[in-house]
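Asks: My questions all concern the structure below.
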Amino acid sequence: MKRKKIAVLFGGCSPEYNVSISSAGSVVSSLDGELFEAVLIGITRDGNWYRYYGGIEKIATDEWHLCEEDCVRAVLAPDRDIHGILEWKDGKAVMTRIDAAFPVLHGKNGEDGSVAGLLELAGIPVVGCGILAGALCMDKARSKKLITGIGIESPKGFVIGRNDTDREIFEFMGNLSYPVFVKPVNAGSSFGITKVYREEDLSAAIKTAFEFDNEAIIEENVDGFEAGCAVIGNDELITGYVDEIELFVDWFDYHEKYSQKKSKIHTPARLDDNLADEIKEAAKKIYRALGCCGFARVDMFLTKEGKILFNEVNTIPGLTSISRFPKMMRGAGYEFSELLTKLIELGMER
């Protein structure tokens with residue numbers, strides 16, 4: 001059987017560039033070589049696109065773009081007859097047809113629906129969520145409004161923009177209790193997030209959030225813990241284990257997410273079956289409401305009283321073999337290589 005050519009996109013113009021190259025190295029090395037041929041498309045921090053021919057080991061170490069012999073300038077062609085990429089070799093454009101594309105691009109300019117839009121214009125099947133779901137899930141404020149509409153609450157909070165005055169912001173704060181989190185509306189991996197305990201520290205936290213986006217969301221701390229649930233599927237949905245983040249620090253910031261020196265992730269979560277099932281059902285409702293398909297990780301809070309609150313959806317969660325999403329999906333019987341095959345099949349199914 002002829003192998004399917006799968007374009008794996010990695011890197012990108014995003015603060016989460018380093019997360020992307022780590023995930024991509026894992027994805028490429030774990031693809032079933034009997035079924036798929038990986039066509040590697042690397043995007044530099046500056047937004048330059050290359051077909052990468054070098055060793056997989058150089059992706060995770062960010063050396064992939066340093067050797068000119070390994071990189072050929074390339075673009076994704078929007079022309080549906082090409083159905084693939086154009087590379088510039090010896091002054092000529094060379095076409096490579098691909099069967100599907102797997103964007104392993106975390107954060108802005110990748111996970112936010114932008115690359116899915118380009119692929120859909122080209123008529124190329126996308127592994128993962130489409131344009132609308134990517135954009136909605138990246139936007140913490142608008143996704144929370146939609147999920148409130150299906151009866152699942154979020155932490156108490158409000159959204160501010162750059163034009164809001166200090167006076168207006170502190171008036172809004174009269175409805176909240178400290179500590180609060182100040183977050184960019186559109187960002188991932190905890191970039192730009194600050195936990196604020198005192199009013200005098202609020203302005204600095206807002207300034208930090210605005211370094212990453214034009215809007216920020218301020219919301220109360222939840223007395224409980226964060227629980228996640230992996231969901232895969234288009235029409236019929238499958239959930240993996242619910243996991244639980246146990247913290248021995250104030251909050252799960254960027255460094256803690258990727259080092260876990262002072263936290264522990266329990267997979268499965270230390271919950272009774274009924275509560276775990278309730279979280280899984282909530283995750284599926286959220287997934288459907290936001291128009292997700294293919295796969296996503298739905299993150300929620302569980303309060304000490306047992307109430308489920310919506311946090312966010314990651315449409316391209318971490319994809320190393322030890323990341324939360326693959327570990328959750330082992331609960332549904334998928335080892336990492338099998339999981340990647342299933343995700344590609346779901347993308348091509350659409």
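Letters for chains follow the order of the structure tokens (A, B, ...), residue numbers begin at 1 for each chain, and ligand numbers begin at 1 in the order shown.
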Report as a ChimeraX atom specification all protein, DNA and RNA residues lying within 12 Å of Val27 in chain A, evaluated on only C-alpha atoms, omitting residues in the same chain fewer than 3 positions from it.
Replies: /A:6-10,20-24,30-33,36,38,40,56-57,59-60,102-105,318-323,326,336-341,343-344
Asks: Can I get the selection written as a PDB file, in the first residue's frame, with C-alpha atoms?
Replies:
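part24.pdb, written as the output of this step:
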ATOM      1  CA  ILE A   6       1.833  13.927   5.650  1.00  0.00           C
ATOM      2  CA  ALA A   7       3.180  17.468   5.926  1.00  0.00           C
ATOM      3  CA  VAL A   8       4.247  18.073   9.520  1.00  0.00           C
ATOM      4  CA  LEU A   9       4.408  21.825  10.199  1.00  0.00           C
ATOM      5  CA  PHE A  10       6.513  23.006  13.116  1.00  0.00           C
ATOM      6  CA  SER A  20       6.320  23.298  18.952  1.00  0.00           C
ATOM      7  CA  ILE A  21       9.762  21.968  18.011  1.00  0.00           C
ATOM      8  CA  SER A  22       9.727  19.663  21.030  1.00  0.00           C
ATOM      9  CA  SER A  23       6.325  18.251  20.051  1.00  0.00           C
ATOM     10  CA  ALA A  24       7.225  17.993  16.369  1.00  0.00           C
ATOM     11  CA  SER A  30       6.736   8.240  16.302  1.00  0.00           C
ATOM     12  CA  LEU A  31       4.797   8.213  13.013  1.00  0.00           C
ATOM     13  CA  ASP A  32       4.168   4.746  11.598  1.00  0.00           C
ATOM     14  CA  GLY A  33       6.697   4.602   8.755  1.00  0.00           C
ATOM     15  CA  PHE A  36       3.100   7.563   6.391  1.00  0.00           C
ATOM     16  CA  ALA A  38       6.608  12.753   6.756  1.00  0.00           C
ATOM     17  CA  LEU A  40       8.791  18.289   7.139  1.00  0.00           C
ATOM     18  CA  ILE A  56      14.883  14.558  13.135  1.00  0.00           C
ATOM     19  CA  GLU A  57      17.169  15.024  16.136  1.00  0.00           C
ATOM     20  CA  ILE A  59      14.330  19.677  15.278  1.00  0.00           C
ATOM     21  CA  ALA A  60      14.004  19.447  19.065  1.00  0.00           C
ATOM     22  CA  PHE A 102      -0.473  17.924  10.606  1.00  0.00           C
ATOM     23  CA  PRO A 103       0.135  21.388  12.105  1.00  0.00           C
ATOM     24  CA  VAL A 104       2.207  20.963  15.261  1.00  0.00           C
ATOM     25  CA  LEU A 105       2.113  24.709  15.852  1.00  0.00           C
ATOM     26  CA  GLY A 318       1.612  19.192  23.780  1.00  0.00           C
ATOM     27  CA  LEU A 319       2.445  16.122  21.696  1.00  0.00           C
ATOM     28  CA  THR A 320       5.523  14.529  23.128  1.00  0.00           C
ATOM     29  CA  SER A 321       5.116  10.947  24.278  1.00  0.00           C
ATOM     30  CA  ILE A 322       5.078  12.161  27.906  1.00  0.00           C
ATOM     31  CA  SER A 323       2.752  15.147  27.381  1.00  0.00           C
ATOM     32  CA  PRO A 326      -1.016  11.297  24.969  1.00  0.00           C
ATOM     33  CA  PHE A 336       1.499   7.274  21.093  1.00  0.00           C
ATOM     34  CA  SER A 337       2.171   5.924  17.584  1.00  0.00           C
ATOM     35  CA  GLU A 338      -1.353   4.451  17.364  1.00  0.00           C
ATOM     36  CA  LEU A 339      -2.783   7.756  18.578  1.00  0.00           C
ATOM     37  CA  LEU A 340      -1.000   9.702  15.825  1.00  0.00           C
ATOM     38  CA  THR A 341      -2.332   7.275  13.217  1.00  0.00           C
ATOM     39  CA  LEU A 343      -5.563  11.537  14.498  1.00  0.00           C
ATOM     40  CA  ILE A 344      -4.381  11.494  10.876  1.00  0.00           C
TER      41      ILE A 344
END
Asks: Identify, with DSSP run on backbone atoms, the residues in range 275-340 of chain A assigned to strand (DSSP E or B), and express the list as a tab-separated table (two decimals) with C-alpha atoms, in the first residue's frame.
Replies:
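Resulting contents of selection_39.tsv:
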chain	number	residue	atom	x	y	z
A	294	GLY	CA	-10.06	15.71	15.32
A	295	PHE	CA	-8.65	16.24	18.81
A	296	ALA	CA	-8.31	18.70	21.68
A	297	ARG	CA	-7.55	18.85	25.39
A	298	VAL	CA	-10.30	20.43	27.48
A	299	ASP	CA	-9.09	22.04	30.70
A	300	MET	CA	-11.42	22.61	33.64
A	301	PHE	CA	-11.26	23.44	37.33
A	302	LEU	CA	-12.83	21.30	40.01
A	303	THR	CA	-13.69	23.29	43.12
A	308	ILE	CA	-16.85	21.92	37.42
A	309	LEU	CA	-15.71	25.25	35.92
A	310	PHE	CA	-14.48	25.76	32.36
A	311	ASN	CA	-10.94	27.04	31.89
A	312	GLU	CA	-9.88	26.66	28.23
A	313	VAL	CA	-9.44	24.29	25.28
A	314	ASN	CA	-6.09	23.51	23.69
Asks: From the options A:Glu171, A:Asp62, A:Glu236, A:Glu305, which residue's atoms come nearest to Glu199 in chain A, counting only C-alpha atoms?
Replies: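 Among the listed residues, the smallest separation from Glu199 in chain A belongs to A:Glu171.
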Asks: What is the distance between CA of Lys2 in chain A and CA of Leu35 in chain A, in Å to one decimal?
Replies: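 CA of Leu35 in chain A lies 7.7 Å from CA of Lys2 in chain A.
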Asks: Would you mind listing what lies within 10 Å of Asp46 in chain A as a ChimeraX atom specification, with only C-alpha atoms counted and same-chain residues fewer than 5 positions away left out?
Replies: /A:11-14
Asks: Using only C-alpha atoms, determine which residues lie at most 12 Å from Lys89 in chain A, disregarding the query and same-chain residues fewer than 5 positions distant; provide the list as a ChimeraX atom specification.
Replies: /A:50-51,69,71-74,94-95
Asks: Considering only C-alpha atoms, state which residue in the set A:Asp164, A:Phe325, A:Ala227, A:Thr315 is at the smallest distance from Lys280 in chain A.
Replies: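 Nearest to Lys280 in chain A: A:Ala227.
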Asks: Nearest to Gly347 in chain A among A:Glu153, A:Asp272, A:Glu219, A:Glu120, with distances taken over only C-alpha atoms: which residue is it?
Replies: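 Among A:Glu153, A:Asp272, A:Glu219, A:Glu120, it is A:Glu120 that comes nearest to Gly347 in chain A.
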Asks: Extract, using only C-alpha atoms, all DNA, RNA and protein residues at most 9 Å from range 80-83 of chain A, discarding same-chain residues fewer than 6 positions from it, and format them as a PDB file with C-alpha atoms, in the first residue's frame.
Replies:
ATOM      1  CA  MET A  95       5.785  20.635  -6.614  1.00  0.00           C
ATOM      2  CA  THR A  96       5.259  18.002  -3.914  1.00  0.00           C
ATOM      3  CA  ARG A  97       1.720  16.707  -3.511  1.00  0.00           C
ATOM      4  CA  ILE A  98       0.665  15.872   0.042  1.00  0.00           C
ATOM      5  CA  ASP A  99      -2.282  13.868   1.315  1.00  0.00           C
ATOM      6  CA  LEU A 121      -8.115  27.029   1.019  1.00  0.00           C
ATOM      7  CA  ALA A 122      -5.693  24.586  -0.581  1.00  0.00           C
ATOM      8  CA  GLY A 123      -8.137  21.710  -0.125  1.00  0.00           C
ATOM      9  CA  ILE A 124      -5.671  19.799   2.021  1.00  0.00           C
TER      10      ILE A 124
END
Asks: For Val185 in chain A, work out the shell of residues within 8 Å, counting only C-alpha atoms and skipping chain neighbours fewer than 2 positions away, then give it as a PyMOL selection string.
Replies: chain A and resi 138-141+183+187+213-217
Asks: So that I can check the surroundings of Ile218 in chain A, please list as a PyMOL selection string every protein, DNA and RNA residue that reaches within 12 Å of it, counting only C-alpha atoms and ignoring chain neighbours fewer than 5 positions away.
Replies: chain A and resi 140-141+154-161+169-170+172-173+175-185+193-196+202-203+205-206+209
Asks: Could you check which of A:Lys307, A:Arg270, A:Arg350, A:Lys108 is closest to Val126 in chain A, using only C-alpha atoms?
Replies: A:Arg350
Asks: Taking only C-alpha atoms into account, which of A:Arg167, A:Lys207, A:Arg288, A:Lys4 comes nearest Pro125 in chain A?
Replies: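 The answer is A:Lys4, which sits nearest to Pro125 in chain A.
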Asks: Please, what distance in Å, to one decimal, runs between CA of Asn163 in chain A and CA of Asn186 in chain A?
Replies: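 CA of Asn186 in chain A lies at a distance of 17.2 Å from CA of Asn163 in chain A.
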Asks: Give me every alpha helix (DSSP H) residue in range 20-93 of chain A, going by DSSP on the backbone, as a list in words.
Replies: Ser20, Ile21, Ser22, Ser23, Ala24, Gly25, Ser26, Val27, Val28, Ser29, Ser30, Glu57, Lys58, Ile59 and Ala60 of chain A
Asks: Please write the residues from the selection above to a file, keeping N, CA and C atoms, as a PDB file, in the first residue's frame.
Replies:
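Just written: again.pdb:
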ATOM      1  N   SER A  20       6.636  23.908  20.240  1.00  0.00           N
ATOM      2  CA  SER A  20       6.320  23.298  18.952  1.00  0.00           C
ATOM      3  C   SER A  20       7.435  22.370  18.477  1.00  0.00           C
ATOM      4  N   ILE A  21       8.694  22.821  18.535  1.00  0.00           N
ATOM      5  CA  ILE A  21       9.762  21.968  18.011  1.00  0.00           C
ATOM      6  C   ILE A  21       9.957  20.722  18.877  1.00  0.00           C
ATOM      7  N   SER A  22       9.657  20.836  20.165  1.00  0.00           N
ATOM      8  CA  SER A  22       9.727  19.663  21.030  1.00  0.00           C
ATOM      9  C   SER A  22       8.650  18.650  20.650  1.00  0.00           C
ATOM     10  N   SER A  23       7.421  19.138  20.453  1.00  0.00           N
ATOM     11  CA  SER A  23       6.325  18.251  20.051  1.00  0.00           C
ATOM     12  C   SER A  23       6.582  17.637  18.684  1.00  0.00           C
ATOM     13  N   ALA A  24       7.052  18.466  17.746  1.00  0.00           N
ATOM     14  CA  ALA A  24       7.225  17.993  16.369  1.00  0.00           C
ATOM     15  C   ALA A  24       8.265  16.889  16.274  1.00  0.00           C
ATOM     16  N   GLY A  25       9.367  17.034  17.006  1.00  0.00           N
ATOM     17  CA  GLY A  25      10.375  15.983  16.987  1.00  0.00           C
ATOM     18  C   GLY A  25       9.806  14.657  17.441  1.00  0.00           C
ATOM     19  N   SER A  26       8.956  14.717  18.447  1.00  0.00           N
ATOM     20  CA  SER A  26       8.316  13.508  18.975  1.00  0.00           C
ATOM     21  C   SER A  26       7.331  12.918  17.973  1.00  0.00           C
ATOM     22  N   VAL A  27       6.528  13.786  17.356  1.00  0.00           N
ATOM     23  CA  VAL A  27       5.529  13.325  16.381  1.00  0.00           C
ATOM     24  C   VAL A  27       6.206  12.638  15.204  1.00  0.00           C
ATOM     25  N   VAL A  28       7.198  13.287  14.632  1.00  0.00           N
ATOM     26  CA  VAL A  28       7.850  12.744  13.433  1.00  0.00           C
ATOM     27  C   VAL A  28       8.533  11.410  13.735  1.00  0.00           C
ATOM     28  N   SER A  29       9.204  11.314  14.882  1.00  0.00           N
ATOM     29  CA  SER A  29       9.912  10.077  15.210  1.00  0.00           C
ATOM     30  C   SER A  29       8.956   8.937  15.569  1.00  0.00           C
ATOM     31  N   SER A  30       7.692   9.270  15.874  1.00  0.00           N
ATOM     32  CA  SER A  30       6.736   8.240  16.302  1.00  0.00           C
ATOM     33  C   SER A  30       5.712   7.882  15.232  1.00  0.00           C
ATOM     34  N   GLU A  57      16.599  14.609  14.852  1.00  0.00           N
ATOM     35  CA  GLU A  57      17.169  15.024  16.136  1.00  0.00           C
ATOM     36  C   GLU A  57      17.485  16.516  16.186  1.00  0.00           C
ATOM     37  N   LYS A  58      17.641  17.149  15.029  1.00  0.00           N
ATOM     38  CA  LYS A  58      17.970  18.575  14.994  1.00  0.00           C
ATOM     39  C   LYS A  58      16.750  19.476  15.154  1.00  0.00           C
ATOM     40  N   ILE A  59      15.546  18.873  15.115  1.00  0.00           N
ATOM     41  CA  ILE A  59      14.330  19.677  15.278  1.00  0.00           C
ATOM     42  C   ILE A  59      14.184  20.100  16.740  1.00  0.00           C
ATOM     43  N   ALA A  60      14.222  19.140  17.648  1.00  0.00           N
ATOM     44  CA  ALA A  60      14.004  19.447  19.065  1.00  0.00           C
ATOM     45  C   ALA A  60      15.108  20.328  19.639  1.00  0.00           C
TER      46      ALA A  60
END
Asks: Any idea what the distance is between CA of Asn234 in chain A and CA of Cys129 in chain A?
Replies: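 Distance reported for this atom pair: 9.4 Å.
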